[in-house]
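Raw contents of run_16.txt, compact mmCIF, C-alpha atoms:
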# COMPACT_ATOMS: atom_id res chain seq x y z
CA TYR R 13 -20.22 -8.53 -13.62
CA SER R 14 -22.08 -8.69 -16.90
CA ALA R 15 -24.99 -6.31 -16.48
CA LYS R 16 -25.23 -3.64 -19.17
CA CYS R 17 -25.03 -0.69 -16.79
CA TRP R 18 -23.39 0.43 -13.57
CA LYS R 19 -26.60 0.05 -11.59
CA GLY R 20 -27.03 -3.61 -12.46
CA ASN R 21 -23.33 -4.30 -12.03
CA THR R 22 -23.32 -2.66 -8.62
CA LYS R 23 -26.29 -4.71 -7.45
CA ASP R 24 -24.47 -7.87 -8.57
CA PHE R 25 -21.23 -6.72 -6.94
CA LEU R 26 -22.85 -5.97 -3.60
CA ALA R 27 -24.87 -9.19 -3.66
CA GLY R 28 -21.65 -11.15 -4.14
CA ASN R 29 -19.75 -9.18 -1.50
CA GLN R 30 -22.48 -8.45 1.06
CA ASP R 31 -20.54 -10.20 3.84
CA PHE R 32 -17.67 -7.74 3.35
CA VAL R 33 -19.61 -4.51 3.87
CA ILE R 34 -18.63 -2.67 7.07
CA GLU R 35 -22.01 -1.52 8.36
CA LYS R 36 -20.81 1.32 10.62
CA ALA R 37 -18.99 2.94 7.71
CA LEU R 38 -22.16 3.24 5.63
CA ALA R 39 -23.16 6.22 7.76
CA TRP R 40 -20.01 8.19 6.94
CA PRO R 41 -20.47 11.16 4.58
CA LEU R 42 -19.34 10.28 1.08
CA VAL R 43 -16.05 11.82 -0.07
CA LYS R 44 -14.20 11.76 -3.36
CA THR R 45 -11.02 10.12 -2.05
CA SER R 46 -10.82 7.33 0.54
CA LEU R 47 -7.32 6.33 1.68
CA VAL R 48 -7.04 3.29 3.96
CA ILE R 49 -4.13 2.60 6.33
CA PRO R 50 -4.18 -0.99 7.63
CA VAL R 51 -2.78 -0.90 11.19
CA TYR R 52 -1.59 -4.31 12.37
CA ARG R 53 0.42 -4.79 15.57
CA SER R 54 1.86 -1.32 15.04
CA GLY R 55 1.47 0.19 18.50
CA ASP R 56 1.74 3.92 17.80
CA ASP R 57 4.25 3.52 14.96
CA PHE R 58 1.56 4.30 12.38
CA ALA R 59 1.54 7.90 13.66
CA GLY R 60 4.48 8.77 11.39
CA THR R 61 2.56 7.75 8.29
CA LEU R 62 -0.56 9.54 9.49
CA ARG R 63 1.37 12.74 10.14
CA SER R 64 3.05 12.51 6.75
CA LEU R 65 -0.39 12.31 5.12
CA TYR R 66 -1.77 15.27 7.07
CA GLU R 67 1.28 17.30 6.08
CA GLN R 68 0.41 16.85 2.41
CA GLU R 69 -0.78 19.97 0.60
CA TRP R 70 -4.25 18.72 -0.33
CA SER R 71 -6.05 20.78 -2.98
CA ASN R 72 -9.46 19.70 -1.65
CA PRO R 73 -8.91 18.23 1.83
CA THR R 74 -12.56 18.15 2.84
CA GLU R 75 -13.22 15.70 -0.01
CA THR R 76 -10.61 13.31 1.37
CA GLU R 77 -10.82 10.81 4.23
CA ILE R 78 -8.10 8.78 5.89
CA VAL R 79 -9.34 5.49 7.30
CA LEU R 80 -7.30 3.79 10.01
CA TYR R 81 -8.23 0.12 9.86
CA VAL R 82 -6.93 -1.36 13.12
CA ASN R 83 -7.04 -5.16 13.09
CA GLN R 84 -5.78 -8.28 14.80
CA PRO R 85 -6.84 -11.95 14.78
CA ALA R 86 -9.62 -13.08 17.09
CA GLY R 87 -8.72 -13.43 20.76
CA SER R 88 -7.77 -11.18 23.63
CA LEU R 89 -6.62 -7.68 22.81
CA GLU R 90 -2.88 -7.55 22.18
CA ASP R 91 -0.77 -4.79 23.73
CA ALA R 92 0.19 -3.33 20.34
CA THR R 93 -3.46 -3.24 19.25
CA ARG R 94 -4.51 -1.63 22.52
CA ILE R 95 -1.89 1.11 22.07
CA SER R 96 -3.10 1.72 18.50
CA LEU R 97 -6.72 2.00 19.63
CA GLU R 98 -5.89 4.31 22.53
CA LEU R 99 -4.08 6.68 20.19
CA THR R 100 -6.83 6.62 17.54
CA GLU R 101 -9.48 7.35 20.18
CA ALA R 102 -7.44 10.24 21.53
CA LEU R 103 -6.94 11.64 18.01
CA LEU R 104 -10.66 11.45 17.26
CA GLY R 105 -11.60 13.21 20.49
CA ASN R 106 -10.29 16.26 22.25
CA GLU R 107 -8.26 14.37 24.81
CA PRO R 108 -4.70 15.46 25.61
CA LEU R 109 -2.14 13.58 23.56
CA PRO R 110 1.29 12.25 24.55
CA GLU R 111 3.95 14.85 23.86
CA GLN R 112 5.34 12.98 20.85
CA HIS R 113 1.93 13.15 19.15
CA THR R 114 0.81 16.70 19.97
CA GLU R 115 1.83 18.05 16.54
CA LEU R 116 -0.09 15.24 14.83
CA GLY R 117 -3.13 16.15 16.92
CA LYS R 118 -2.89 19.80 15.82
CA LEU R 119 -2.73 18.75 12.17
CA ILE R 120 -5.76 16.47 12.42
CA ARG R 121 -7.83 18.89 14.46
CA GLY R 122 -7.03 21.88 12.27
CA SER R 123 -9.51 23.50 9.94
CA SER R 124 -9.96 22.22 6.39
CA THR R 125 -8.23 18.86 6.79
CA PRO R 126 -9.04 15.33 5.61
CA ALA R 127 -11.56 13.52 7.80
CA LEU R 128 -10.09 10.86 10.07
CA ARG R 129 -12.07 7.61 10.34
CA VAL R 130 -11.31 4.55 12.46
CA ILE R 131 -12.39 0.94 12.09
CA PHE R 132 -11.41 -1.83 14.52
CA GLU R 133 -12.10 -5.43 13.61
CA GLN R 134 -10.67 -8.76 14.64
CA ILE R 135 -10.29 -10.65 11.39
CA GLU R 136 -8.18 -13.25 9.66
CA GLY R 137 -6.72 -12.71 6.21
CA ARG R 138 -4.82 -9.51 6.90
CA GLN R 139 -4.27 -7.31 3.83
CA ALA R 140 -6.42 -9.21 1.35
CA THR R 141 -9.48 -9.14 3.62
CA ILE R 142 -8.94 -5.48 4.51
CA TYR R 143 -8.69 -4.48 0.86
CA ARG R 144 -11.91 -6.34 0.05
CA ARG R 145 -13.88 -5.03 3.02
CA THR R 146 -12.89 -1.39 2.64
CA PHE R 147 -13.30 -1.29 -1.14
CA THR R 148 -16.66 -3.07 -1.01
CA THR R 149 -17.82 -0.61 1.64
CA PHE R 150 -16.73 2.39 -0.42
CA VAL R 151 -18.71 1.05 -3.40
CA ALA R 152 -21.76 0.55 -1.15
CA ARG R 153 -21.48 4.15 0.10
CA ILE R 154 -21.36 5.46 -3.45
CA PHE R 155 -24.37 3.37 -4.46
CA ASP R 156 -26.35 4.46 -1.40
CA SER R 157 -25.59 8.13 -2.11
CA VAL R 158 -27.12 7.79 -5.57
CA LEU R 159 -30.20 5.91 -4.36
CA LYS R 160 -30.82 8.58 -1.71
CA GLN R 161 -31.02 11.23 -4.43
CA GLU R 162 -34.23 9.54 -5.66
CA LEU R 163 -33.47 10.40 -9.28
CA LYS R 164 -36.39 10.21 -11.67
CA SER R 165 -35.09 7.57 -14.03
CA LYS R 166 -32.69 4.67 -14.30
CA GLU R 167 -30.73 6.61 -16.93
CA LEU R 168 -30.07 9.42 -14.46
CA GLU R 169 -28.98 6.90 -11.83
CA VAL R 170 -26.58 5.29 -14.30
CA GLU R 171 -25.16 8.71 -15.23
CA ALA R 172 -24.63 9.54 -11.57
CA LEU R 173 -22.96 6.21 -10.83
CA THR R 174 -20.73 6.49 -13.91
CA ARG R 175 -19.61 9.95 -12.86
CA LEU R 176 -18.93 8.89 -9.28
CA TYR R 177 -17.11 5.65 -10.13
CA ASN R 178 -14.89 7.44 -12.63
CA ASN R 179 -14.05 10.27 -10.25
CA SER R 180 -13.99 8.57 -6.85
CA VAL R 181 -10.57 7.41 -5.68
CA PHE R 182 -9.71 4.44 -3.48
CA GLY R 183 -6.26 3.70 -2.11
CA VAL R 184 -4.37 1.68 0.47
CA ILE R 185 -1.25 2.99 2.18
CA ASP R 186 1.04 0.86 4.34
CA ASP R 187 1.35 2.02 7.94
CA ASP R 188 5.13 2.49 7.78
CA LEU R 189 5.47 4.94 4.88
CA LEU R 190 6.68 8.53 4.88
CA PHE R 191 6.22 11.00 2.03
CA PRO R 192 9.37 13.17 1.74
CA ALA R 193 7.72 15.73 -0.55
CA PRO R 194 4.73 17.58 0.98
CA ASN R 195 2.78 17.72 -2.26
CA ALA R 196 3.81 14.48 -3.98
CA LEU R 197 0.86 12.27 -3.05
CA ALA R 198 -1.81 14.95 -3.36
CA ASP R 199 -0.52 16.03 -6.79
CA SER R 200 -0.39 12.43 -8.00
CA ILE R 201 -3.99 11.80 -6.97
CA ASN R 202 -5.02 14.93 -8.85
CA GLN R 203 -3.53 13.38 -12.00
CA LEU R 204 -5.67 10.24 -11.81
CA HIS R 205 -7.99 9.61 -14.75
CA ALA R 206 -10.22 6.56 -15.04
CA GLY R 207 -8.89 4.05 -17.54
CA GLU R 208 -5.65 5.99 -18.00
CA THR R 209 -3.55 6.32 -14.83
CA ILE R 210 -2.88 4.68 -11.48
CA VAL R 211 -0.75 5.78 -8.51
CA LEU R 212 1.94 3.53 -7.02
CA GLY R 213 4.89 3.92 -4.68
CA ARG R 214 8.59 4.02 -5.48
CA VAL R 215 10.03 2.82 -2.19
CA HIS R 216 13.30 3.68 -0.50
CA ILE R 217 14.13 1.59 2.58
CA ARG R 218 15.70 3.76 5.28
CA SER R 219 16.57 0.95 7.66
CA VAL R 220 16.18 -2.76 8.36
CA THR R 221 15.81 -4.40 11.76
CA SER R 222 16.62 -8.09 11.48
CA SER R 223 17.74 -11.15 13.44
CA PHE R 224 21.29 -10.40 12.23
CA PRO R 225 21.94 -6.78 13.31
CA GLU R 226 25.46 -6.72 11.84
CA ALA R 227 23.89 -7.12 8.40
CA ASP R 228 21.06 -4.56 8.74
CA LYS R 229 22.76 -1.84 6.67
CA THR R 230 23.74 -4.35 3.99
CA LEU R 231 20.19 -5.74 3.96
CA ALA R 232 18.70 -2.28 3.48
CA ASN R 233 20.97 -1.63 0.48
CA LEU R 234 20.25 -5.12 -0.89
CA MET R 235 16.50 -4.66 -0.66
CA ASN R 236 16.72 -1.18 -2.20
CA LEU R 237 18.63 -2.63 -5.12
CA PHE R 238 16.19 -5.52 -5.48
CA LEU R 239 13.24 -3.11 -5.60
CA ASP R 240 14.96 -0.80 -8.09
CA LEU R 241 16.01 -3.65 -10.35
CA LYS R 242 12.31 -4.44 -10.64
CA HIS R 243 11.14 -0.83 -10.74
CA VAL R 244 13.17 0.10 -13.81
CA GLN R 245 11.60 -2.90 -15.59
CA ASN R 246 8.16 -1.58 -14.65
CA ALA R 247 7.54 -4.65 -12.49
CA THR R 248 6.62 -3.25 -9.06
CA VAL R 249 3.21 -2.61 -7.54
CA LEU R 250 4.17 -1.09 -4.21
CA SER R 251 2.22 1.00 -1.70
CA PRO R 252 0.70 3.51 -1.89
CA ARG R 253 -1.69 1.83 -4.33
CA ILE R 254 -4.37 4.23 -5.51
CA ALA R 255 -6.85 4.13 -8.39
CA THR R 256 -10.30 5.24 -9.43
CA VAL R 257 -13.14 3.01 -8.29
CA SER R 258 -14.11 2.19 -11.88
CA ASP R 259 -10.62 0.79 -12.55
CA LEU R 260 -10.84 -1.62 -9.60
CA PHE R 261 -14.53 -2.53 -9.70
CA HIS R 262 -14.42 -5.48 -12.15
CA LEU R 263 -11.29 -7.12 -10.77
CA LYS R 264 -11.39 -10.48 -9.03
CA PRO R 265 -11.33 -9.63 -5.30
CA PRO R 266 -8.20 -10.32 -3.23
CA SER R 267 -8.11 -13.67 -1.43
CA PRO R 268 -6.25 -14.36 1.84
CA SER R 269 -5.42 -17.86 0.57
CA ILE R 270 -3.19 -16.42 -2.18
CA PRO R 271 0.19 -14.89 -1.17
CA TYR R 272 0.57 -11.25 -2.26
CA SER R 273 -3.09 -11.23 -3.28
CA ASP R 274 -3.33 -7.50 -2.50
CA GLN R 275 -0.50 -6.78 -4.94
CA ILE R 276 -2.00 -9.08 -7.56
CA TRP R 277 -5.33 -7.22 -7.29
CA PHE R 278 -3.72 -3.90 -8.06
CA SER R 279 -1.48 -5.47 -10.71
CA GLU R 280 -4.62 -6.37 -12.63
CA GLY R 281 -5.82 -2.78 -12.30
CA VAL R 282 -2.51 -1.44 -13.60
CA ARG R 283 -2.68 -3.18 -16.97
CA GLY R 284 -2.80 -0.77 -19.88
CA LYS R 285 -2.45 2.31 -17.68
CA GLU R 286 0.27 4.84 -17.07
CA LYS R 287 1.86 4.50 -13.62
CA ILE R 288 2.31 7.65 -11.58
CA PHE R 289 5.01 6.94 -9.02
CA VAL R 290 5.28 8.63 -5.62
CA ASP R 291 8.58 8.51 -3.74
CA VAL R 292 8.15 7.06 -0.24
CA ASP R 293 10.51 6.08 2.58
CA THR R 294 9.97 3.05 4.79
CA THR R 295 11.59 0.67 7.26
CA LEU R 296 11.60 -3.13 7.33
CA ILE R 297 11.21 -5.21 10.48
CA ASP R 298 11.28 -9.02 10.35
CA GLU R 299 7.89 -10.61 9.85
CA GLU R 300 6.48 -13.85 8.46
CA TYR R 301 3.61 -12.38 6.43
CA PRO R 302 4.41 -12.41 2.66
CA SER R 303 6.06 -9.03 2.14
CA ASN R 304 9.34 -7.26 1.48
CA ALA R 305 10.03 -7.57 5.22
CA GLU R 306 9.68 -11.34 4.97
CA MET R 307 12.15 -11.40 2.05
CA SER R 308 14.59 -9.30 4.05
CA ALA R 309 14.21 -11.58 7.07
CA SER R 310 14.97 -14.61 4.91
CA LEU R 311 18.08 -12.92 3.51
CA ALA R 312 19.20 -12.06 7.05
CA GLN R 313 18.95 -15.70 8.03
CA PHE R 314 20.89 -16.77 4.95
CA LEU R 315 23.68 -14.26 5.57
CA LYS R 316 23.92 -15.44 9.16
CA THR R 317 23.75 -19.22 8.66
CA GLY R 318 23.92 -20.03 4.94
CA GLU R 319 20.32 -21.21 4.99
CA PRO R 320 17.75 -21.12 3.47
CA LEU R 321 19.15 -21.04 -0.06
CA GLU R 322 15.66 -20.05 -1.19
CA ALA R 323 16.37 -16.61 0.24
CA LEU R 324 18.32 -15.90 -2.95
CA ASP R 325 15.31 -16.70 -5.14
CA ILE R 326 14.26 -13.06 -5.29
CA PHE R 327 17.50 -12.26 -7.13
CA HIS R 328 17.36 -15.46 -9.20
CA ASN R 329 13.90 -14.39 -10.40
CA VAL R 330 15.19 -10.91 -11.23
CA ARG R 331 18.04 -12.49 -13.16
CA LYS R 332 15.52 -14.39 -15.30
CA SER R 333 13.74 -11.16 -16.19
CA TYR R 334 17.05 -9.54 -17.17
CA GLU R 335 18.06 -12.62 -19.20
CA SER R 336 14.88 -12.40 -21.25
CA ALA R 337 14.81 -8.60 -21.59
CA CYS R 338 16.28 -6.85 -24.57
CA ALA R 339 18.91 -4.23 -23.79
CA GLN R 340 17.22 -0.91 -23.11
CA PRO R 341 19.21 2.33 -22.92
CA ASP R 342 16.93 3.78 -20.23
CA ILE R 343 17.58 0.87 -17.82
CA PRO R 344 20.78 1.53 -15.84
CA TYR R 345 21.25 -2.06 -14.69
CA THR R 346 22.46 -5.13 -16.58
CA LEU R 347 22.31 -8.90 -16.30
CA GLY R 348 25.95 -8.71 -15.21
CA ASP R 349 24.97 -6.54 -12.24
CA VAL R 350 22.44 -9.12 -11.04
CA GLU R 351 24.91 -11.96 -11.45
CA ALA R 352 27.55 -9.99 -9.53
CA VAL R 353 25.14 -9.53 -6.63
CA LEU R 354 24.35 -13.25 -6.56
CA GLU R 355 28.05 -14.12 -6.57
CA CYS R 356 28.67 -11.78 -3.63
CA LEU R 357 25.68 -13.16 -1.74
CA ARG R 358 27.01 -16.68 -2.02
CA SER R 359 30.19 -15.51 -0.31
CA ARG R 360 28.13 -14.16 2.63
CA ASP R 361 30.88 -11.58 3.22
CA LEU R 362 29.07 -8.44 4.35
CA GLU R 363 31.78 -6.00 3.29
CA THR R 364 32.05 -7.50 -0.19
CA ILE R 365 28.28 -7.53 -0.63
CA ASN R 366 27.83 -3.97 0.57
CA LEU R 367 30.60 -2.59 -1.67
CA LYS R 368 29.21 -4.25 -4.79
CA VAL R 369 25.57 -3.38 -4.03
CA SER R 370 26.50 0.26 -3.25
CA GLU R 371 28.43 0.51 -6.52
CA ILE R 372 25.43 -0.73 -8.51
CA LEU R 373 22.97 1.53 -6.65
CA ILE R 374 25.14 4.58 -7.37
CA LYS R 375 25.24 3.60 -11.04
CA GLY R 376 21.44 3.54 -10.96
CA GLY R 377 21.26 6.97 -9.35
CA ARG R 378 19.83 5.65 -6.09
CA ARG R 379 20.69 6.50 -2.49
CA VAL R 380 23.15 4.34 -0.55
CA LEU R 381 22.98 3.88 3.21
Before we go any further, please render this structure as structure tokens.
Amino acid sequence: YSAKCWKGNTKDFLAGNQDFVIEKALAWPLVKTSLVIPVYRSGDDFAGTLRSLYEQEWSNPTETEIVLYVNQPAGSLEDATRISLELTEALLGNEPLPEQHTELGKLIRGSSTPALRVIFEQIEGRQATIYRRTFTTFVARIFDSVLKQELKSKELEVEALTRLYNNSVFGVIDDDLLFPAPNALADSINQLHAGETIVLGRVHIRSVTSSFPEADKTLANLMNLFLDLKHVQNATVLSPRIATVSDLFHLKPPSPSIPYSDQIWFSEGVRGKEKIFVDVDTTLIDEEYPSNAEMSASLAQFLKTGEPLEALDIFHNVRKSYESACAQPDIPYTLGDVEAVLECLRSRDLETINLKVSEILIKGGRRVL
């Protein structure tokens, strides 16, 4: 967008993204921080993430909203989607909740808490489309709030937009994350500064559920090592992904035709900025959508059958980055560690793999399952 001011740029942005605006959300009161949880075939499993967010010690909770974006492809309503919608409707109203969710209901319905919003759409494109629709809608809400002020000059409108874009926060949080520290996310968001910082997740996988149950513990340790090998090289862009609106505005929007497009979008926003990492716990369940769970599923199949060999590519790619990197005293892992993992993986012996991976994780100061 090449206009000389935020007003012109916003008009161009909304003209180019008008099909991605969620009309019902335009009526929501504007808040400073909008956090989106995409809920896809989750049943009521997203409730753990939602509770973890409402247990955060927010410094200004009434200026925060949590948006549950429930989605599935077009067609008849799937059972998992129906369960998700039934729970969200109960949480929004005053209906009695199932016993396992009563504490969550108390948190949401308490005084001075983040607003809970719900969107249900049947769309294709999964994460990339959700990111684009929710971000575009947040920009439209900000723009509308300035226009409604009926400021006396274009200069005042530009000042208002500049202030709001630099101080408004947009983020996406996967629906299977837990925040172990009750103030970690809220404190990290408070440290955001436009053009300077961005919030990302440092993920610990608590468990894996795969097609090869005997290997689930080994897979969890393997994936934790894979993520940490990348993390210490500053090469991860994991959920939660949170930034100021101004730092995301000019980026090329995510596209469902490009694998990991949601990560690529935030990767562009990260450039030149300090990363503030939040520790999060998660689980992995086999799926085909491009994700860490898909990588884990592929490794499970390899450990079980010896195929596909491409399952090892994630570690081959990490090896390349360690081959080209200069030795750094603050990185606990070495090229030799990566090569040792690959050698063990080729053996497909679970005990051998788990012993070696656990040894390397301990060296890196990470938890072992």
Give me, as a PDB file with C-alpha atoms, keeping the file's coordinate frame, all polymer residues having an atom no more than 8 Å from segment 262-277 of chain R, counting all atoms listed in the file and skipping those fewer than 4 positions away in the same chain.
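Listed below is the output, around-v6.pdb:
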ATOM      1  CA  TYR R  13     -20.220  -8.530 -13.620  1.00  0.00           C
ATOM      2  CA  GLY R 137      -6.720 -12.710   6.210  1.00  0.00           C
ATOM      3  CA  ARG R 138      -4.820  -9.510   6.900  1.00  0.00           C
ATOM      4  CA  GLN R 139      -4.270  -7.310   3.830  1.00  0.00           C
ATOM      5  CA  ALA R 140      -6.420  -9.210   1.350  1.00  0.00           C
ATOM      6  CA  THR R 141      -9.480  -9.140   3.620  1.00  0.00           C
ATOM      7  CA  TYR R 143      -8.690  -4.480   0.860  1.00  0.00           C
ATOM      8  CA  ARG R 144     -11.910  -6.340   0.050  1.00  0.00           C
ATOM      9  CA  VAL R 249       3.210  -2.610  -7.540  1.00  0.00           C
ATOM     10  CA  LEU R 250       4.170  -1.090  -4.210  1.00  0.00           C
ATOM     11  CA  SER R 258     -14.110   2.190 -11.880  1.00  0.00           C
ATOM     12  CA  GLY R 281      -5.820  -2.780 -12.300  1.00  0.00           C
ATOM     13  CA  PRO R 302       4.410 -12.410   2.660  1.00  0.00           C
ATOM     14  CA  SER R 303       6.060  -9.030   2.140  1.00  0.00           C
TER      15      SER R 303
END
| Exercise: segment 285-296 of chain R partners within 8 Å, all atoms listed in the file, chain neighbours under 6 positions left out, as a ChimeraX atom specification | /R:188-193,196-197,200,207-221,252,304-305,308
| request: Considering all atoms listed in the file, state which residue in the set R:Arg378, R:Ile34, R:Gln134, R:Leu168 is at the smallest distance from Val51 of chain R. | output: R:Gln134
Mind checking which residues fall within 12 Å of Lys19 of chain R, counting only C-alpha atoms, ignoring those fewer than 3 positions away in the same chain, and posting them as a PDB file with C-alpha atoms, keeping the file's coordinate frame?
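Saved the output as result_10.pdb:
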ATOM      1  CA  TYR R  13     -20.220  -8.530 -13.620  1.00  0.00           C
ATOM      2  CA  SER R  14     -22.080  -8.690 -16.900  1.00  0.00           C
ATOM      3  CA  ALA R  15     -24.990  -6.310 -16.480  1.00  0.00           C
ATOM      4  CA  LYS R  16     -25.230  -3.640 -19.170  1.00  0.00           C
ATOM      5  CA  THR R  22     -23.320  -2.660  -8.620  1.00  0.00           C
ATOM      6  CA  LYS R  23     -26.290  -4.710  -7.450  1.00  0.00           C
ATOM      7  CA  ASP R  24     -24.470  -7.870  -8.570  1.00  0.00           C
ATOM      8  CA  PHE R  25     -21.230  -6.720  -6.940  1.00  0.00           C
ATOM      9  CA  LEU R  26     -22.850  -5.970  -3.600  1.00  0.00           C
ATOM     10  CA  VAL R 151     -18.710   1.050  -3.400  1.00  0.00           C
ATOM     11  CA  ALA R 152     -21.760   0.550  -1.150  1.00  0.00           C
ATOM     12  CA  ILE R 154     -21.360   5.460  -3.450  1.00  0.00           C
ATOM     13  CA  PHE R 155     -24.370   3.370  -4.460  1.00  0.00           C
ATOM     14  CA  ASP R 156     -26.350   4.460  -1.400  1.00  0.00           C
ATOM     15  CA  VAL R 158     -27.120   7.790  -5.570  1.00  0.00           C
ATOM     16  CA  LEU R 159     -30.200   5.910  -4.360  1.00  0.00           C
ATOM     17  CA  SER R 165     -35.090   7.570 -14.030  1.00  0.00           C
ATOM     18  CA  LYS R 166     -32.690   4.670 -14.300  1.00  0.00           C
ATOM     19  CA  GLU R 167     -30.730   6.610 -16.930  1.00  0.00           C
ATOM     20  CA  LEU R 168     -30.070   9.420 -14.460  1.00  0.00           C
ATOM     21  CA  GLU R 169     -28.980   6.900 -11.830  1.00  0.00           C
ATOM     22  CA  VAL R 170     -26.580   5.290 -14.300  1.00  0.00           C
ATOM     23  CA  GLU R 171     -25.160   8.710 -15.230  1.00  0.00           C
ATOM     24  CA  ALA R 172     -24.630   9.540 -11.570  1.00  0.00           C
ATOM     25  CA  LEU R 173     -22.960   6.210 -10.830  1.00  0.00           C
ATOM     26  CA  THR R 174     -20.730   6.490 -13.910  1.00  0.00           C
ATOM     27  CA  LEU R 176     -18.930   8.890  -9.280  1.00  0.00           C
ATOM     28  CA  TYR R 177     -17.110   5.650 -10.130  1.00  0.00           C
TER      29      TYR R 177
END
| Mind pulling up the distance from atom CA of Ser251 of chain R to atom CA of Leu354 of chain R? |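 Between these atoms lies a distance of 26.8 Å.
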| query | Which residue out of R:Ser279, R:Asn233, R:Gln68, R:Thr256 has the minimum interatomic distance to Leu373 of chain R when all atoms listed in the file are used? | reply |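 Smallest distance to Leu373 of chain R is found for R:Asn233.
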| request: Could you tell me which of R:Glu98, R:Thr61, R:Ala198, R:Gln245 comes closest to Ala337 of chain R if we count all atoms listed in the file? | output: R:Gln245
Using all atoms listed in the file, find each residue in segment 83-177 of chain R having at least one atom no more than 8 Å away from segment 40-49 of chain R; report its shortest atom-to-atom pair and that distance in Å (one decimal), rows by chain then rising number, as CSV.
residue,atom,partner,partner_atom,distance
R:Thr146,CA,R:Val48,CA,7.6
R:Phe150,CA,R:Ser46,CA,7.8
R:Arg153,CA,R:Leu42,CA,6.6
R:Ile154,CA,R:Leu42,CA,6.9
R:Ser157,CA,R:Leu42,CA,7.3
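Taking all atoms listed in the file into account, Phe238 of chain R lies nearest to R:Gly376 out of the set R:Glu162, R:Val181, R:Gly376, R:Gln112.
Reported to one decimal place, the separation of atom CA of Leu97 of chain R from atom CA of Thr125 of chain R is 21.2 Å.
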| task | Quick one: pull the distance between atom CA of Ile142 of chain R and atom CA of Ala86 of chain R, Å, one decimal. | result |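 Atom CA of Ala86 of chain R lies 14.7 Å from atom CA of Ile142 of chain R.
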Mind dumping segment 360-375 of chain R from that block, keeping N, CA and C atoms, as a tab-separated table (two decimals), in the first residue's frame?
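File written: selection_26.tsv
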chain	number	residue	atom	x	y	z
R	360	ARG	N	15.64	-47.08	13.71
R	360	ARG	CA	14.22	-47.26	14.08
R	360	ARG	C	14.06	-48.02	15.40
R	361	ASP	N	15.11	-48.04	16.20
R	361	ASP	CA	15.04	-48.69	17.51
R	361	ASP	C	14.59	-47.66	18.54
R	362	LEU	N	13.39	-47.84	19.07
R	362	LEU	CA	12.80	-46.81	19.94
R	362	LEU	C	13.64	-46.54	21.17
R	363	GLU	N	14.17	-47.56	21.80
R	363	GLU	CA	14.96	-47.36	23.01
R	363	GLU	C	16.23	-46.57	22.71
R	364	THR	N	16.90	-46.91	21.64
R	364	THR	CA	18.12	-46.20	21.25
R	364	THR	C	17.82	-44.74	20.94
R	365	ILE	N	16.75	-44.51	20.19
R	365	ILE	CA	16.37	-43.14	19.83
R	365	ILE	C	16.05	-42.33	21.08
R	366	ASN	N	15.24	-42.90	21.97
R	366	ASN	CA	14.80	-42.16	23.13
R	366	ASN	C	15.96	-41.82	24.06
R	367	LEU	N	16.90	-42.76	24.22
R	367	LEU	CA	18.06	-42.50	25.08
R	367	LEU	C	18.90	-41.35	24.53
R	368	LYS	N	19.17	-41.39	23.23
R	368	LYS	CA	20.00	-40.34	22.63
R	368	LYS	C	19.30	-38.98	22.65
R	369	VAL	N	18.01	-38.97	22.28
R	369	VAL	CA	17.27	-37.71	22.26
R	369	VAL	C	17.16	-37.13	23.67
R	370	SER	N	16.90	-37.98	24.66
R	370	SER	CA	16.80	-37.51	26.05
R	370	SER	C	18.13	-36.91	26.51
R	371	GLU	N	19.22	-37.56	26.16
R	371	GLU	CA	20.55	-37.06	26.53
R	371	GLU	C	20.78	-35.66	25.95
R	372	ILE	N	20.40	-35.47	24.69
R	372	ILE	CA	20.62	-34.17	24.05
R	372	ILE	C	19.69	-33.11	24.64
R	373	LEU	N	18.43	-33.48	24.90
R	373	LEU	CA	17.50	-32.52	25.52
R	373	LEU	C	18.00	-32.07	26.89
R	374	ILE	N	18.50	-32.99	27.68
R	374	ILE	CA	19.03	-32.64	29.01
R	374	ILE	C	20.21	-31.68	28.87
R	375	LYS	N	21.07	-31.93	27.90
R	375	LYS	CA	22.20	-31.04	27.65
R	375	LYS	C	21.71	-29.63	27.31
